[in-house]
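Worksheet for the structure shown next.
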Amino acid sequence: MFNFEKEFLSDLNKEVKTGTTVMAVTFKGGVIIAADSRTSSGSYAVNRVTDKLTPVHDQIYCLRSGSAADTQIISSYVSYYTNMFSIEEGSKPTVKKAAHMFREFLYQNKQYLHAAIICAGWDPIEGGSVYSLPLGGSIVKQPFATGGSGSTYLYGYCDMNFKENMTEEEAEKFVTYGITEAIARDGGSGGIVRKAIIDKNGVRRKTVYGNKLKKFWEK
Amino acid sequence: MSGIGTGYDLYPTTFSPDGRIFQVEYAHKAVENSSTAIGLCCKDGVVFGVEKIILSKMLVEGTNRRVFSVGEHIGIATAGLTADGRRIVQNARQEAKNYENFTSDIIPIHVLTERLSIYVQVFTLYNYIRPFGCSLMVGSYDEEKGPSLYCIEPDSVALGFYGCAIGKGKQEAKTEISKLKLSEMTCKDAVKEIAKILIKTVHDETKEKEMELEMSWICKETKGKHKLVPKKLIEEAVEWVKGQENEED
């Protein structure tokens, strides 16, 4: 029997995932985070201009991949707790603190969640830091991190091109080209490249629109 | 003493006509019945000293502890009902551990103090649980922030001090403390000064039995960890105090 819903609307009933490519890299003086802008439900792009760069605190951001609902609620919680703690303690939280809060939520609820987070930011104690929190709820501090479905296409690129203590320009190029390449190769990633540069002066957000993305080898 | 708050002093849930909660004030009296504890903020740390009355020669030295560690970096000294003190310390340890598990950072002392304050205050609200009959001194030392000392009373007021005393001899002790130059004192000197105050000023040899000194510190030397003062140092301090007495005679 022909079922209209099943044939044509199946995508709309699929869970909304952030297909995604996200990257975070430390440079001399801070971190740069970048992401694509596609949120998909099956093969339907629910949002083609998503902002996956989610602020947790003044100079701490997180990059969300996996289930959109799960990652949104968790970053809400962590944002709430970092704000409460900073008022109680009278000082801004370190990236380490925020990242460990993420870990606590992800690990203790691992049965229910499908969420991976990259927590990155700047604090006066460590400078720029990037923490990777993959699916199971582990936490790893890294000089750079990638996440999402598109990140698989970037392992080679990152290994070849990453250098410690890059300048801001070098780091910006590193992430922009990385996301561009992943958008080209990964079906779950697309749209524009959103960037944020976090250093001691605060956060600067930048966007690279589709037509301005550099074209790498393609016929 | 009976008849002070007649009628208004049965439960912490009743205010007296002049705005006092007598049960909480009676809890203060329980603290004042206990032997004295002193805490001093020196330039390189915090030192606690407790005058412990030895109730029987059969008691093992060092038993009946009055100073406790919370985490590694915070020390708490109690005066009043020791069991109540232990209960609050248990709560403090829970708070410190939960904070550490959640944030991977050690709990700052002012955060712990505020949470203990809130905890103590809860027990002044209901008629089926009594207020705690103990005061606590909470101390810590940090390389950047320096020494910190707070005193939490049964009414849950927590104040920051440079030097503090709680218990029976707190008035005399506080007078002596105010004569000390704390900002120039090292912890080793403080051990001697506290011993002097507890042995000479506060302890009455005619009225009370022998006393034991329990002292602990959190300082640069212990690398910010709360530890008991080494027995040797306490013995030297006691010798020094005896020497001072002889000089004055």
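Here, A, B, ... name the chains of the structure tokens in the order displayed, residue numbers run from 1 inside each chain, and ligands are numbered from 1 in the same displayed order.
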
Mind checking which residues fall within 6 Å of stretch 45-59 of chain B, counting only C-alpha atoms, ignoring those fewer than 5 positions away in the same chain, and posting them as a tab-separated table (two decimals) with C-alpha atoms, in the first residue's frame?
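Printed below is part11.tsv as written:
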```tsv
chain	number	residue	atom	x	y	z
B	35	SER	CA	37.50	24.61	76.20
B	36	THR	CA	39.14	27.28	74.09
B	37	ALA	CA	40.26	27.08	70.49
B	38	ILE	CA	42.36	29.75	68.75
B	39	GLY	CA	43.05	30.44	65.08
B	40	LEU	CA	45.64	32.89	63.76
B	141	TYR	CA	46.28	29.10	52.84
B	147	PRO	CA	45.88	32.99	54.51
B	210	GLU	CA	45.81	18.84	82.95
B	211	MET	CA	45.58	20.00	79.41
B	212	GLU	CA	46.79	18.72	76.09
B	213	LEU	CA	47.65	20.98	73.16
B	214	GLU	CA	46.25	20.04	69.77
B	215	MET	CA	47.66	22.22	67.03
B	216	SER	CA	47.45	22.16	63.27
B	217	TRP	CA	48.45	24.43	60.42
B	218	ILE	CA	48.07	25.18	56.74
B	219	CYS	CA	51.10	27.09	55.55
```

How close does each residue of chain B get to chain A, giving the shortest atom pair and distance in Å to one decimal for every residue with an atom at most 7 Å away, counting only C-alpha atoms, sorted by chain and residue number, as a tab-separated table?
```
residue	atom	partner	partner_atom	distance
B:Phe102	CA	A:Met101	CA	5.6
B:Thr103	CA	A:Lys97	CA	4.8
B:Ser104	CA	A:His100	CA	6.2
B:Asp105	CA	A:Lys97	CA	6.8
B:Val111	CA	A:Glu89	CA	6.2
```

What would the file look like if the residues just selected were written as a compact mmCIF listing (two decimals), in the first residue's frame with N, CA, C and O atoms?
```txt
# COMPACT_ATOMS: atom_id res chain seq x y z
N PHE B 102 32.62 17.79 40.43
CA PHE B 102 31.87 18.49 39.39
C PHE B 102 32.76 19.39 38.56
O PHE B 102 32.64 19.49 37.34
N THR B 103 33.68 20.11 39.23
CA THR B 103 34.43 21.13 38.51
C THR B 103 35.91 20.81 38.33
O THR B 103 36.61 21.56 37.67
N SER B 104 36.40 19.76 38.94
CA SER B 104 37.83 19.38 38.90
C SER B 104 38.73 20.40 39.56
O SER B 104 39.93 20.37 39.40
N ASP B 105 38.15 21.34 40.31
CA ASP B 105 38.93 22.34 41.04
C ASP B 105 38.72 22.11 42.53
O ASP B 105 37.65 21.69 42.94
N VAL B 111 33.81 29.87 49.46
CA VAL B 111 32.63 29.17 48.96
C VAL B 111 32.19 28.12 49.99
O VAL B 111 31.01 28.01 50.33
```

Nearest residue to B:Lys227 out of B:Glu72, B:Glu32, B:Glu184, B:Asp84, using only C-alpha atoms?
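Selected residue with least distance to B:Lys227: B:Glu72.
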
Show me, as a PyMOL selection string, the residues that have an atom within 6 Å of stretch 187-202 of chain B when counting only C-alpha atoms, minus same-chain residues fewer than 2 positions from it.
chain B and resi 42+169+237+241

Could you give me, as a CSV table (one decimal) with C-alpha atoms, in the first residue's frame, each residue of stretch 32-194 of chain A that DSSP assigns to alpha helix (DSSP H) when run on this structure's backbone?
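Wrote it out as result.csv, contents follow:
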```csv
chain,number,residue,atom,x,y,z
A,68,ALA,CA,20.9,18.9,18.7
A,69,ALA,CA,18.4,18.6,21.6
A,70,ASP,CA,21.0,16.8,23.9
A,71,THR,CA,23.8,19.2,23.2
A,72,GLN,CA,21.6,22.3,23.6
A,73,ILE,CA,20.2,21.3,27.0
A,74,ILE,CA,23.7,20.3,28.3
A,75,SER,CA,25.3,23.5,27.2
A,76,SER,CA,22.4,25.3,28.9
A,77,TYR,CA,23.1,23.5,32.2
A,78,VAL,CA,26.8,24.1,32.0
A,79,SER,CA,26.2,27.8,31.2
A,80,TYR,CA,23.8,28.0,34.2
A,81,TYR,CA,26.3,26.4,36.6
A,82,THR,CA,29.3,28.4,35.4
A,83,ASN,CA,27.4,31.6,35.9
A,84,MET,CA,26.2,30.6,39.4
A,85,PHE,CA,29.7,29.5,40.4
A,86,SER,CA,31.3,32.7,39.1
A,87,ILE,CA,28.9,34.8,41.2
A,88,GLU,CA,29.5,32.6,44.3
A,89,GLU,CA,33.3,32.7,43.9
A,95,VAL,CA,37.9,26.6,30.7
A,96,LYS,CA,39.0,23.5,32.6
A,97,LYS,CA,36.2,24.0,35.1
A,98,ALA,CA,33.5,24.3,32.3
A,99,ALA,CA,34.9,21.4,30.4
A,100,HIS,CA,34.8,19.2,33.5
A,101,MET,CA,31.2,20.2,34.1
A,102,PHE,CA,30.4,19.0,30.6
A,103,ARG,CA,32.2,15.8,31.3
A,104,GLU,CA,30.1,15.2,34.5
A,105,PHE,CA,26.8,15.6,32.5
A,106,LEU,CA,27.9,13.6,29.5
A,107,TYR,CA,29.4,10.7,31.5
A,108,GLN,CA,26.7,10.4,34.2
A,155,TYR,CA,42.4,14.1,10.2
A,156,GLY,CA,45.1,14.1,7.5
A,157,TYR,CA,44.7,17.8,6.9
A,158,CYS,CA,45.1,18.7,10.5
A,159,ASP,CA,48.0,16.4,11.2
A,160,MET,CA,49.9,17.9,8.2
A,161,ASN,CA,49.1,21.5,8.8
A,168,GLU,CA,46.1,34.5,14.7
A,169,GLU,CA,46.2,34.8,10.9
A,170,GLU,CA,47.7,31.3,10.5
A,171,ALA,CA,45.2,29.8,12.9
A,172,GLU,CA,42.3,31.5,11.2
A,173,LYS,CA,43.4,30.1,7.8
A,174,PHE,CA,43.8,26.7,9.4
A,175,VAL,CA,40.3,26.4,10.6
A,176,THR,CA,38.6,28.2,7.6
A,177,TYR,CA,40.2,25.9,5.1
A,178,GLY,CA,39.5,22.9,7.3
A,179,ILE,CA,35.8,23.6,7.5
A,180,THR,CA,35.7,24.5,3.8
A,181,GLU,CA,37.2,21.1,2.9
A,182,ALA,CA,34.8,19.2,5.2
A,183,ILE,CA,31.8,21.0,3.8
A,184,ALA,CA,33.0,20.0,0.3
A,185,ARG,CA,33.4,16.3,1.2
```

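Interatomic distance, atom CA of A:Phe162 to atom CA of A:Val22: 15.5 Å.
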
Name the residues in contact with B:Glu114 at a cut-off of 10 Å, using only C-alpha atoms, excluding same-chain residues fewer than 2 positions from it; report them as a PyMOL selection string.
(chain A and resi 88) or (chain B and resi 109-112+116-120+150+152+156-159)

Got time to write the residues from that selection, all heavy atoms, as a CSV table (one decimal), in the first residue's frame?
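That gives us part_15.csv:
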```csv
chain,number,residue,atom,x,y,z
A,88,GLU,N,29.2,33.1,42.9
A,88,GLU,CA,29.5,32.6,44.3
A,88,GLU,C,31.0,32.8,44.6
A,88,GLU,O,31.4,33.2,45.7
A,88,GLU,CB,29.2,31.1,44.3
A,88,GLU,CG,28.8,30.6,45.7
A,88,GLU,CD,28.5,29.1,45.7
A,88,GLU,OE1,28.6,28.5,44.6
A,88,GLU,OE2,28.3,28.6,46.8
B,109,ILE,N,37.9,28.5,49.9
B,109,ILE,CA,37.5,28.5,51.3
B,109,ILE,C,36.2,29.4,51.5
B,109,ILE,O,35.3,29.0,52.3
B,109,ILE,CB,38.6,28.9,52.2
B,109,ILE,CG1,38.1,28.7,53.7
B,109,ILE,CG2,39.1,30.3,51.9
B,109,ILE,CD1,39.2,29.1,54.7
B,110,HIS,N,36.1,30.5,50.7
B,110,HIS,CA,35.0,31.3,51.0
B,110,HIS,C,33.7,30.7,50.5
B,110,HIS,O,32.6,31.0,51.0
B,110,HIS,CB,35.2,32.8,50.4
B,110,HIS,CG,35.3,32.8,49.0
B,110,HIS,ND1,36.5,32.5,48.3
B,110,HIS,CD2,34.4,33.2,48.0
B,110,HIS,CE1,36.3,32.6,47.0
B,110,HIS,NE2,35.1,33.0,46.8
B,111,VAL,N,33.8,29.9,49.5
B,111,VAL,CA,32.6,29.2,49.0
B,111,VAL,C,32.2,28.1,50.0
B,111,VAL,O,31.0,28.0,50.3
B,111,VAL,CB,32.9,28.5,47.6
B,111,VAL,CG1,31.8,27.6,47.2
B,111,VAL,CG2,33.2,29.5,46.6
B,112,LEU,N,33.2,27.4,50.5
B,112,LEU,CA,32.8,26.3,51.5
B,112,LEU,C,32.2,27.0,52.7
B,112,LEU,O,31.2,26.5,53.3
B,112,LEU,CB,34.1,25.5,51.9
B,112,LEU,CG,33.9,24.5,53.0
B,112,LEU,CD1,33.0,23.4,52.5
B,112,LEU,CD2,35.2,24.0,53.6
B,116,LEU,N,28.6,26.2,54.4
B,116,LEU,CA,28.4,25.7,55.7
B,116,LEU,C,27.5,26.6,56.5
B,116,LEU,O,26.7,26.1,57.3
B,116,LEU,CB,29.8,25.6,56.4
B,116,LEU,CG,30.7,24.5,56.0
B,116,LEU,CD1,32.0,24.4,56.8
B,116,LEU,CD2,30.0,23.1,56.1
B,117,SER,N,27.7,27.9,56.3
B,117,SER,CA,26.8,28.9,56.9
B,117,SER,C,25.3,28.6,56.6
B,117,SER,O,24.5,28.5,57.5
B,117,SER,CB,27.1,30.3,56.4
B,117,SER,OG,27.7,31.1,57.3
B,118,ILE,N,25.1,28.4,55.3
B,118,ILE,CA,23.7,28.1,54.9
B,118,ILE,C,23.2,26.8,55.6
B,118,ILE,O,22.1,26.7,56.0
B,118,ILE,CB,23.6,28.0,53.4
B,118,ILE,CG1,23.9,29.3,52.7
B,118,ILE,CG2,22.3,27.5,52.9
B,118,ILE,CD1,24.1,29.3,51.2
B,119,TYR,N,24.1,25.8,55.6
B,119,TYR,CA,23.7,24.5,56.3
B,119,TYR,C,23.4,24.7,57.7
B,119,TYR,O,22.3,24.2,58.2
B,119,TYR,CB,24.9,23.6,56.1
B,119,TYR,CG,24.7,22.2,56.7
B,119,TYR,CD1,23.8,21.3,56.1
B,119,TYR,CD2,25.4,21.8,57.8
B,119,TYR,CE1,23.6,20.1,56.7
B,119,TYR,CE2,25.2,20.5,58.4
B,119,TYR,CZ,24.3,19.7,57.8
B,119,TYR,OH,24.1,18.4,58.4
B,120,VAL,N,24.2,25.5,58.5
B,120,VAL,CA,24.0,25.7,59.9
B,120,VAL,C,22.7,26.4,60.1
B,120,VAL,O,21.9,26.2,61.0
B,120,VAL,CB,25.2,26.4,60.5
B,120,VAL,CG1,24.9,26.9,61.9
B,120,VAL,CG2,26.4,25.5,60.5
B,150,TYR,N,37.9,32.0,58.8
B,150,TYR,CA,36.5,32.3,59.0
B,150,TYR,C,36.0,31.7,60.3
B,150,TYR,O,36.5,30.6,60.6
B,150,TYR,CB,35.6,31.9,57.8
B,150,TYR,CG,35.9,32.6,56.5
B,150,TYR,CD1,36.8,32.1,55.6
B,150,TYR,CD2,35.3,33.8,56.2
B,150,TYR,CE1,37.1,32.8,54.5
B,150,TYR,CE2,35.5,34.5,55.0
B,150,TYR,CZ,36.5,33.9,54.2
B,150,TYR,OH,36.7,34.6,53.0
B,152,ILE,N,32.4,30.4,62.0
B,152,ILE,CA,31.0,30.2,61.9
B,152,ILE,C,30.4,29.9,63.2
B,152,ILE,O,30.8,29.0,63.9
B,152,ILE,CB,30.7,29.0,60.9
B,152,ILE,CG1,31.5,29.2,59.6
B,152,ILE,CG2,29.2,29.0,60.6
B,152,ILE,CD1,31.3,28.0,58.7
B,156,SER,N,24.8,30.9,62.5
B,156,SER,CA,25.3,30.8,61.1
B,156,SER,C,26.0,32.0,60.6
B,156,SER,O,26.3,32.1,59.4
B,156,SER,CB,24.1,30.5,60.2
B,156,SER,OG,23.5,31.6,59.6
B,157,VAL,N,26.2,33.0,61.5
B,157,VAL,CA,27.0,34.2,61.0
B,157,VAL,C,28.5,33.7,60.8
B,157,VAL,O,29.1,33.1,61.7
B,157,VAL,CB,27.0,35.3,62.1
B,157,VAL,CG1,28.0,36.3,61.8
B,157,VAL,CG2,25.6,35.9,62.1
B,158,ALA,N,29.0,34.0,59.6
B,158,ALA,CA,30.4,33.6,59.3
B,158,ALA,C,31.1,34.9,59.0
B,158,ALA,O,30.8,35.7,58.1
B,158,ALA,CB,30.4,32.7,58.1
B,159,LEU,N,32.2,35.2,59.8
B,159,LEU,CA,32.9,36.4,59.6
B,159,LEU,C,34.4,36.0,59.3
B,159,LEU,O,34.9,35.0,59.8
B,159,LEU,CB,32.9,37.3,60.8
B,159,LEU,CG,31.4,37.7,61.3
B,159,LEU,CD1,31.5,38.4,62.6
B,159,LEU,CD2,30.9,38.7,60.2
```
